[in-house]
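Colleague: Next comes final-v4.cif, mmCIF, C-alpha atoms:
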```cif
data_start
#
loop_
_atom_site.label_atom_id
_atom_site.label_comp_id
_atom_site.auth_asym_id
_atom_site.auth_seq_id
_atom_site.Cartn_x
_atom_site.Cartn_y
_atom_site.Cartn_z
CA MET Z 1 44.98 26.71 75.47
CA THR Z 2 44.15 26.54 79.19
CA THR Z 3 40.38 26.95 79.19
CA VAL Z 4 37.30 25.80 77.31
CA THR Z 5 35.68 28.40 75.08
CA PRO Z 6 31.88 28.88 75.08
CA ARG Z 7 31.78 27.46 71.55
CA GLU Z 8 33.64 24.31 72.63
CA ALA Z 9 31.41 23.90 75.67
CA ARG Z 10 28.25 24.20 73.58
CA ARG Z 11 29.67 21.81 71.00
CA CYS Z 12 30.23 19.25 73.73
CA TYR Z 13 26.72 19.76 75.07
CA ASN Z 14 25.24 19.38 71.59
CA ALA Z 15 27.24 16.21 71.14
CA HIS Z 16 25.98 14.44 74.25
CA HIS Z 17 22.47 15.89 74.54
CA PRO Z 18 20.81 13.47 72.05
CA VAL Z 19 22.02 10.55 74.18
CA HIS Z 20 19.91 11.99 76.97
CA ALA Z 21 16.98 13.22 74.88
CA ALA Z 22 16.43 9.97 72.94
CA TYR Z 23 14.73 8.63 76.06
CA TYR Z 24 11.80 11.02 75.57
CA PHE Z 25 11.18 9.93 71.97
CA ALA Z 26 11.68 6.20 72.47
CA PRO Z 27 8.70 3.88 71.97
CA GLU Z 28 9.75 2.29 75.24
CA HIS Z 29 9.00 5.57 77.02
CA ASP Z 30 5.24 5.55 76.58
CA ALA Z 31 5.01 1.75 76.60
CA HIS Z 32 6.76 1.27 79.95
CA TYR Z 33 5.02 4.18 81.62
CA ALA Z 34 1.64 3.01 80.32
CA ARG Z 35 2.14 -0.16 82.35
CA LEU Z 36 2.28 2.05 85.43
CA GLY Z 37 -0.97 3.73 84.46
CA LEU Z 38 0.59 6.90 83.03
CA ALA Z 39 -1.08 8.19 79.89
CA PRO Z 40 1.24 8.60 76.89
CA GLY Z 41 2.35 12.10 76.03
CA PRO Z 42 2.48 14.98 78.51
CA MET Z 43 1.56 12.93 81.60
CA ALA Z 44 4.35 10.41 81.07
CA TYR Z 45 6.80 13.18 80.23
CA LEU Z 46 5.92 15.28 83.27
CA ALA Z 47 6.02 12.36 85.70
CA GLY Z 48 9.27 10.91 84.36
CA ARG Z 49 11.12 14.19 84.38
CA ALA Z 50 9.68 15.43 87.69
CA ALA Z 51 10.09 12.15 89.60
CA PRO Z 52 13.50 13.12 91.07
CA LEU Z 53 11.74 15.98 92.87
CA GLY Z 54 9.55 13.51 94.75
CA PRO Z 55 5.74 13.74 95.03
CA CYS Z 56 5.80 17.53 94.79
CA THR Z 57 2.94 19.87 94.00
CA PRO Z 58 2.07 20.93 90.44
CA GLY Z 59 3.17 24.48 91.21
CA VAL Z 60 6.71 23.34 91.92
CA VAL Z 61 6.88 21.46 88.62
CA SER Z 62 5.37 24.35 86.65
CA ALA Z 63 8.02 26.66 88.08
CA ALA Z 64 10.86 24.24 87.36
CA PHE Z 65 9.72 23.36 83.82
CA TYR Z 66 8.79 26.98 82.97
CA THR Z 67 7.28 26.50 79.49
CA PHE Z 68 4.39 24.18 80.40
CA HIS Z 69 0.92 25.58 81.03
CA PRO Z 70 0.31 25.46 84.81
CA ALA Z 71 -3.23 24.18 84.21
CA LEU Z 72 -1.89 21.19 82.27
CA VAL Z 73 0.52 20.34 85.06
CA ALA Z 74 -2.17 20.82 87.70
CA ARG Z 75 -4.47 18.42 85.84
CA LEU Z 76 -1.99 15.67 84.98
CA LEU Z 77 0.57 15.51 87.76
CA PRO Z 78 -1.74 14.51 90.64
CA GLN Z 79 -3.13 11.76 88.40
CA ALA Z 80 0.40 10.56 87.73
CA TRP Z 81 1.31 10.42 91.43
CA ARG Z 82 -1.88 8.45 92.13
CA ALA Z 83 -0.95 5.95 89.43
CA ALA Z 84 2.67 5.40 90.51
CA SER Z 85 5.05 6.70 93.14
CA PRO Z 86 8.08 8.75 92.07
CA GLU Z 87 10.30 5.91 93.30
CA ARG Z 88 8.60 3.43 91.01
CA ILE Z 89 8.73 5.88 88.13
CA LEU Z 90 12.47 6.37 88.66
CA ARG Z 91 13.07 2.61 88.51
CA THR Z 92 11.02 2.42 85.33
CA ARG Z 93 12.90 5.38 83.88
CA LEU Z 94 16.17 3.47 84.04
CA ASP Z 95 14.50 0.43 82.45
CA ILE Z 96 13.41 2.69 79.59
CA VAL Z 97 16.90 4.14 79.16
CA ASP Z 98 18.45 0.68 79.20
CA ALA Z 99 16.07 -0.61 76.54
CA CYS Z 100 16.28 2.55 74.43
CA LEU Z 101 20.07 2.92 74.33
CA THR Z 102 20.67 -0.80 73.90
CA ARG Z 103 18.30 -0.83 70.95
CA LEU Z 104 19.73 2.30 69.34
CA LEU Z 105 23.43 1.74 69.99
CA GLY Z 106 23.59 -2.05 70.16
CA PRO Z 107 24.71 -4.35 72.99
CA GLN Z 108 28.37 -4.16 71.99
CA ALA Z 109 28.47 -0.36 72.12
CA VAL Z 110 26.78 -0.07 75.51
CA ARG Z 111 29.37 -2.48 76.95
CA SER Z 112 32.33 -0.87 75.19
CA ALA Z 113 35.40 0.79 76.66
CA GLU Z 114 34.36 3.97 74.84
CA MET Z 115 31.04 3.99 76.67
CA ALA Z 116 32.78 3.58 80.01
CA GLU Z 117 35.18 6.41 79.16
CA ALA Z 118 32.38 8.70 78.03
CA ALA Z 119 30.45 8.01 81.24
CA GLU Z 120 33.51 8.77 83.35
CA LEU Z 121 34.13 12.07 81.56
CA ALA Z 122 30.49 13.16 81.66
CA LEU Z 123 30.26 12.36 85.37
CA ALA Z 124 33.43 14.37 85.96
CA ALA Z 125 31.90 17.34 84.13
CA ALA Z 126 28.71 17.01 86.16
CA GLU Z 127 30.72 17.36 89.37
CA ALA Z 128 30.90 21.08 88.63
CA CYS Z 129 27.20 21.59 87.97
CA ALA Z 130 26.07 24.42 90.21
CA HIS Z 131 23.06 23.48 92.35
CA PRO Z 132 21.62 26.71 93.81
CA GLY Z 133 18.67 27.85 91.72
CA ARG Z 134 18.70 24.63 89.69
CA PRO Z 135 16.09 22.34 91.31
CA LEU Z 136 15.93 19.66 88.61
CA ALA Z 137 19.69 19.35 88.33
CA THR Z 138 19.97 19.19 92.11
CA ALA Z 139 17.23 16.58 92.47
CA ASN Z 140 18.87 14.36 89.85
CA ALA Z 141 22.27 14.84 91.50
CA ASP Z 142 20.80 13.45 94.72
CA LEU Z 143 20.05 10.16 92.96
CA PRO Z 144 22.65 7.39 93.03
CA THR Z 145 24.72 6.98 89.88
CA PRO Z 146 23.35 3.90 88.13
CA ALA Z 147 25.31 1.10 86.53
CA PRO Z 148 26.30 -0.11 83.97
CA ALA Z 149 28.14 2.57 82.01
CA HIS Z 150 25.41 3.48 79.51
CA LEU Z 151 23.04 4.22 82.38
CA ALA Z 152 25.77 6.22 84.12
CA LEU Z 153 26.32 8.23 80.93
CA TRP Z 154 22.61 8.94 80.64
CA HIS Z 155 22.48 10.00 84.28
CA ALA Z 156 25.41 12.37 83.74
CA THR Z 157 23.92 13.85 80.58
CA THR Z 158 20.67 14.37 82.47
CA LEU Z 159 22.54 16.39 85.11
CA LEU Z 160 24.23 18.42 82.38
CA ARG Z 161 20.95 18.96 80.52
CA GLU Z 162 19.06 20.15 83.59
CA HIS Z 163 21.98 22.36 84.61
CA ARG Z 164 21.94 24.08 81.23
CA GLY Z 165 18.15 24.26 81.19
CA ALA Z 166 18.02 26.07 84.52
CA GLY Z 167 20.58 28.57 83.27
CA HIS Z 168 18.45 29.14 80.20
CA ILE Z 169 15.39 29.80 82.36
CA SER Z 170 17.41 32.32 84.35
CA ALA Z 171 18.32 34.07 81.08
CA LEU Z 172 14.67 34.06 79.97
CA MET Z 173 13.55 35.58 83.23
CA SER Z 174 16.23 38.25 82.99
CA ALA Z 175 14.95 39.05 79.48
CA GLU Z 176 11.39 39.25 80.90
CA LEU Z 177 10.07 36.50 78.64
CA ASP Z 178 7.47 34.25 80.22
CA GLY Z 179 7.34 30.56 79.38
CA LEU Z 180 4.94 30.90 76.48
CA GLU Z 181 6.78 33.89 75.02
CA ALA Z 182 9.96 31.83 75.21
CA LEU Z 183 8.33 29.09 73.12
CA VAL Z 184 6.94 31.54 70.57
CA THR Z 185 10.26 33.27 70.04
CA HIS Z 186 12.04 29.92 69.89
CA THR Z 187 9.80 28.63 67.10
CA ALA Z 188 10.33 31.92 65.26
CA THR Z 189 14.06 31.15 65.03
CA GLY Z 190 13.29 28.40 62.50
CA THR Z 191 13.75 25.45 64.86
CA SER Z 192 12.25 22.04 64.05
CA TRP Z 193 9.67 22.55 66.80
CA ARG Z 194 6.34 23.77 65.44
CA PRO Z 195 3.66 25.78 67.28
CA ALA Z 196 0.95 23.11 66.93
CA PHE Z 197 3.18 20.47 68.52
CA LEU Z 198 4.21 22.71 71.41
CA GLN Z 199 0.66 23.88 71.99
CA ARG Z 200 -0.54 20.30 72.27
CA THR Z 201 2.31 18.91 74.39
CA ARG Z 202 2.68 21.91 76.70
CA GLY Z 203 -0.98 22.74 77.10
CA TRP Z 204 -1.25 26.17 75.43
CA SER Z 205 -4.34 27.06 73.39
CA VAL Z 206 -4.24 28.59 69.92
CA GLN Z 207 -5.66 31.79 71.42
CA GLU Z 208 -3.05 31.93 74.17
CA TRP Z 209 -0.34 31.44 71.55
CA ALA Z 210 -1.83 34.26 69.46
CA ASP Z 211 -2.01 36.52 72.52
CA ALA Z 212 1.66 35.86 73.26
CA ARG Z 213 2.57 36.73 69.68
CA ALA Z 214 0.65 39.99 70.06
CA ARG Z 215 2.57 40.83 73.23
CA LEU Z 216 5.85 40.10 71.47
CA CYS Z 217 4.84 42.32 68.57
CA GLU Z 218 4.16 45.13 71.05
CA LYS Z 219 7.63 44.58 72.51
CA GLY Z 220 9.14 44.89 69.05
CA LEU Z 221 10.44 41.31 69.07
CA LEU Z 222 8.13 39.90 66.38
CA GLY Z 223 6.85 41.38 63.18
CA ALA Z 224 3.27 41.14 61.94
CA ASP Z 225 4.29 38.05 59.92
CA GLY Z 226 5.39 36.25 63.09
CA ASP Z 227 9.08 36.40 62.21
CA LEU Z 228 11.67 37.76 64.58
CA THR Z 229 12.56 41.38 64.12
CA ASP Z 230 16.19 42.46 64.27
CA ARG Z 231 15.63 43.20 67.94
CA GLY Z 232 14.09 39.78 68.47
CA THR Z 233 16.96 38.06 66.67
CA GLU Z 234 19.46 39.90 68.82
CA LEU Z 235 17.55 38.94 71.97
CA ARG Z 236 17.59 35.24 71.04
CA ARG Z 237 21.32 35.50 70.31
CA ALA Z 238 21.91 37.14 73.68
CA LEU Z 239 19.82 34.46 75.42
CA GLU Z 240 21.98 31.71 73.96
CA ALA Z 241 25.15 33.59 74.91
CA ASP Z 242 23.89 34.02 78.49
CA THR Z 243 22.96 30.34 78.60
CA ASP Z 244 26.45 29.39 77.43
CA ARG Z 245 27.97 31.61 80.11
CA LEU Z 246 25.84 30.12 82.86
CA ASP Z 247 26.59 26.60 81.62
CA ALA Z 248 30.37 26.94 81.34
CA ALA Z 249 31.42 25.54 84.72
CA PRO Z 250 31.14 21.79 83.95
CA TYR Z 251 33.32 22.07 80.86
CA ARG Z 252 35.86 24.40 82.47
CA HIS Z 253 36.11 21.82 85.23
CA LEU Z 254 36.68 19.08 82.67
CA GLY Z 255 39.32 21.09 80.84
CA PRO Z 256 40.05 21.43 77.11
CA ALA Z 257 41.52 18.00 76.46
CA ARG Z 258 38.87 16.02 78.30
CA THR Z 259 36.07 18.21 76.91
CA ALA Z 260 37.35 17.50 73.41
CA ARG Z 261 37.52 13.78 74.17
CA LEU Z 262 33.96 13.71 75.55
CA THR Z 263 32.80 15.59 72.45
CA GLU Z 264 34.51 13.01 70.23
CA LEU Z 265 33.04 10.02 72.06
CA ALA Z 266 29.56 11.50 72.40
CA THR Z 267 29.49 12.53 68.75
CA ALA Z 268 30.08 8.94 67.71
CA PHE Z 269 27.22 7.71 69.89
CA THR Z 270 24.93 10.55 68.82
CA LYS Z 271 25.47 9.79 65.12
CA VAL Z 272 24.20 6.27 65.73
CA VAL Z 273 21.28 7.52 67.83
CA LEU Z 274 20.22 9.95 65.10
CA ALA Z 275 20.68 7.40 62.33
CA GLY Z 276 18.38 5.07 64.24
CA GLY Z 277 15.63 7.68 64.54
CA GLY Z 278 16.31 8.40 68.18
CA MET Z 279 15.53 12.11 67.78
CA PRO Z 280 12.75 12.37 65.15
CA LEU Z 281 12.23 16.09 65.64
CA ARG Z 282 11.60 16.83 62.00
CA ASP Z 283 8.57 14.56 61.95
CA ILE Z 284 7.31 15.23 65.46
CA GLY Z 285 7.67 18.99 65.17
CA ARG Z 286 5.35 19.04 62.18
CA THR Z 287 2.48 17.24 63.86
#
```
The structure in this file should be written as structure tokens.
Modeller:
Amino acid sequence: MTTVTPREARRCYNAHHPVHAAYYFAPEHDAHYARLGLAPGPMAYLAGRAAPLGPCTPGVVSAAFYTFHPALVARLLPQAWRAASPERILRTRLDIVDACLTRLLGPQAVRSAEMAEAAELALAAAEACAHPGRPLATANADLPTPAPAHLALWHATTLLREHRGAGHISALMSAELDGLEALVTHTATGTSWRPAFLQRTRGWSVQEWADARARLCEKGLLGADGDLTDRGTELRRALEADTDRLDAAPYRHLGPARTARLTELATAFTKVVLAGGGMPLRDIGRT
């Protein structure tokens, strides 16, 4: 085999993504940002993820994040920039990642040869992340690669996550789904994420959610019960296929053997992260 299949590429992404995403769920996340004056929840999330863009306007962040209510971003982001500069937030972000991954994986694992190898492979994959049309991936790529290896791995998985996310937004726009409609159809697939959680953390009201469901019913994508219709199911399948296609370059660049090795290494780390409660989606999604 001379290339990486979409299934293998997605499997690799799914293997390393929890190593990146655990940062958002870590108790250190809200605790460290609170010391900067950032309120826990959406403010801390928005500021930490948007910091690579610099002290940009709320409109830029709303466009890049896509599924957050622009009014929420407009209210919280200026407060965040007044509390702490993006540069200070970025330094704190690495402190959070260091504390989170060391706690979840253990000091021995973060200093291991396997961690160094995983970081090297993930950084190699990220070399092929396309930058045009991907502002968050590009902004993170402009940051220096941190050390030691567990921070370098997190940095690389952040590049890969934002690269895939931008491709997904492109697919959503092509399907003519706005940010809220994307969330509604996503929850209808049976994901762990629940409407009440997404409404609260992304700033959408119950009425706005209901209005989006009504629009999706008119489009034939949702039934009256809120479940996906056959057409809606096919659309979500096509969205994932388009996302895979737009996210293939990093793994093609890495090649089959190295993609398989990164998948193997990342899977081992992810199993420990999940066992330690690093991605408590089942509980959070129900709140």
Colleague: Ranking Z:Pro40, Z:Pro195, Z:Leu143, Z:Ala238 by minimum distance to Pro27 of chain Z and counting only C-alpha atoms, which one comes first?
Modeller: Z:Pro40
Colleague: Can you translate the PyMOL selection byres ((chain Z and resi 97) around 9) into the concrete residues it hits in this file, as a VMD selection string?
Modeller: chain Z and resid 20 22 to 23 26 28 to 29 92 to 96 98 to 102 150 to 151 154
Colleague: Would you kindly translate the PyMOL selection byres ((chain Z and resi 262) around 10) into the concrete residues it picks from this file, as a list in words?
Modeller: Cys12, Tyr13, Ala15, His16, Glu114, Glu117, Ala118, Ala119, Glu120, Leu121, Ala122, Ala125, Tyr251, Leu254, Pro256, Ala257, Arg258, Thr259, Ala260, Arg261, Thr263, Glu264, Leu265, Ala266, Thr267 and Ala268 of chain Z
Colleague: Nearest to Phe68 of chain Z among Z:Leu183, Z:Ala141, Z:Leu38, Z:Ala109, with distances taken over only C-alpha atoms: which residue is it?
Modeller: Z:Leu183
Colleague: Go through Z:Gly41, Z:Thr67, Z:Leu136, Z:Gly54 one by one, measure the shortest atom-to-atom distance of each to Met173 of chain Z using all atoms listed in the file, and give the residue with the smallest value.
Modeller: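 Answer, going by the shortest atom-to-atom distance: Z:Thr67.
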Colleague: Written as a VMD selection string, what is the full residue list that the PyMOL selection byres ((chain Z and resi 252) around 12) yields on the file shown?
Modeller: chain Z and resid 1 to 6 8 to 10 12 124 to 129 244 to 251 253 to 260
Colleague: Could you model N, CA, C and O atoms for segment 21-38 of chain Z and present them as an mmCIF file, in the coordinates of the input?
Modeller:
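Full text of out24.cif as output:
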```
data_model
loop_
_atom_site.group_PDB
_atom_site.id
_atom_site.type_symbol
_atom_site.label_atom_id
_atom_site.label_comp_id
_atom_site.auth_asym_id
_atom_site.auth_seq_id
_atom_site.Cartn_x
_atom_site.Cartn_y
_atom_site.Cartn_z
ATOM 1 N N ALA Z 21 18.322 12.883 75.358
ATOM 2 C CA ALA Z 21 16.980 13.220 74.880
ATOM 3 C C ALA Z 21 16.293 12.067 74.153
ATOM 4 O O ALA Z 21 15.062 12.048 74.061
ATOM 5 N N ALA Z 22 17.053 11.102 73.644
ATOM 6 C CA ALA Z 22 16.430 9.970 72.940
ATOM 7 C C ALA Z 22 15.431 9.238 73.811
ATOM 8 O O ALA Z 22 14.444 8.674 73.309
ATOM 9 N N TYR Z 23 15.647 9.262 75.109
ATOM 10 C CA TYR Z 23 14.730 8.630 76.060
ATOM 11 C C TYR Z 23 13.295 9.134 75.876
ATOM 12 O O TYR Z 23 12.328 8.361 75.920
ATOM 13 N N TYR Z 24 13.133 10.438 75.655
ATOM 14 C CA TYR Z 24 11.800 11.020 75.570
ATOM 15 C C TYR Z 24 11.052 10.602 74.305
ATOM 16 O O TYR Z 24 9.823 10.595 74.278
ATOM 17 N N PHE Z 25 11.792 10.279 73.252
ATOM 18 C CA PHE Z 25 11.180 9.930 71.970
ATOM 19 C C PHE Z 25 11.081 8.426 71.741
ATOM 20 O O PHE Z 25 10.515 7.988 70.747
ATOM 21 N N ALA Z 26 11.622 7.648 72.662
ATOM 22 C CA ALA Z 26 11.680 6.200 72.470
ATOM 23 C C ALA Z 26 10.292 5.579 72.604
ATOM 24 O O ALA Z 26 9.500 5.982 73.461
ATOM 25 N N PRO Z 27 9.980 4.591 71.781
ATOM 26 C CA PRO Z 27 8.700 3.880 71.970
ATOM 27 C C PRO Z 27 8.599 3.237 73.339
ATOM 28 O O PRO Z 27 7.505 3.085 73.886
ATOM 29 N N GLU Z 28 9.749 2.883 73.903
ATOM 30 C CA GLU Z 28 9.750 2.290 75.240
ATOM 31 C C GLU Z 28 9.238 3.262 76.297
ATOM 32 O O GLU Z 28 8.699 2.842 77.336
ATOM 33 N N HIS Z 29 9.409 4.551 76.050
ATOM 34 C CA HIS Z 29 9.000 5.570 77.020
ATOM 35 C C HIS Z 29 7.512 5.461 77.341
ATOM 36 O O HIS Z 29 7.113 5.222 78.490
ATOM 37 N N ASP Z 30 6.681 5.611 76.335
ATOM 38 C CA ASP Z 30 5.240 5.550 76.580
ATOM 39 C C ASP Z 30 4.795 4.146 76.945
ATOM 40 O O ASP Z 30 3.892 3.973 77.782
ATOM 41 N N ALA Z 31 5.427 3.131 76.343
ATOM 42 C CA ALA Z 31 5.010 1.750 76.600
ATOM 43 C C ALA Z 31 5.261 1.352 78.058
ATOM 44 O O ALA Z 31 4.377 0.784 78.723
ATOM 45 N N HIS Z 32 6.443 1.648 78.571
ATOM 46 C CA HIS Z 32 6.760 1.270 79.950
ATOM 47 C C HIS Z 32 5.937 2.076 80.952
ATOM 48 O O HIS Z 32 5.444 1.523 81.942
ATOM 49 N N TYR Z 33 5.782 3.376 80.680
ATOM 50 C CA TYR Z 33 5.020 4.180 81.620
ATOM 51 C C TYR Z 33 3.529 3.840 81.574
ATOM 52 O O TYR Z 33 2.825 3.955 82.593
ATOM 53 N N ALA Z 34 3.051 3.410 80.416
ATOM 54 C CA ALA Z 34 1.640 3.010 80.320
ATOM 55 C C ALA Z 34 1.344 1.836 81.254
ATOM 56 O O ALA Z 34 0.240 1.734 81.802
ATOM 57 N N ARG Z 35 2.331 0.980 81.436
ATOM 58 C CA ARG Z 35 2.140 -0.160 82.350
ATOM 59 C C ARG Z 35 1.986 0.288 83.797
ATOM 60 O O ARG Z 35 1.463 -0.460 84.642
ATOM 61 N N LEU Z 36 2.457 1.495 84.094
ATOM 62 C CA LEU Z 36 2.280 2.050 85.430
ATOM 63 C C LEU Z 36 0.967 2.810 85.565
ATOM 64 O O LEU Z 36 0.626 3.276 86.655
ATOM 65 N N GLY Z 37 0.271 2.971 84.452
ATOM 66 C CA GLY Z 37 -0.970 3.730 84.460
ATOM 67 C C GLY Z 37 -0.808 5.176 84.067
ATOM 68 O O GLY Z 37 -1.732 5.993 84.271
ATOM 69 N N LEU Z 38 0.346 5.531 83.481
ATOM 70 C CA LEU Z 38 0.590 6.900 83.030
ATOM 71 C C LEU Z 38 0.201 7.023 81.570
ATOM 72 O O LEU Z 38 0.679 6.265 80.724
#
```
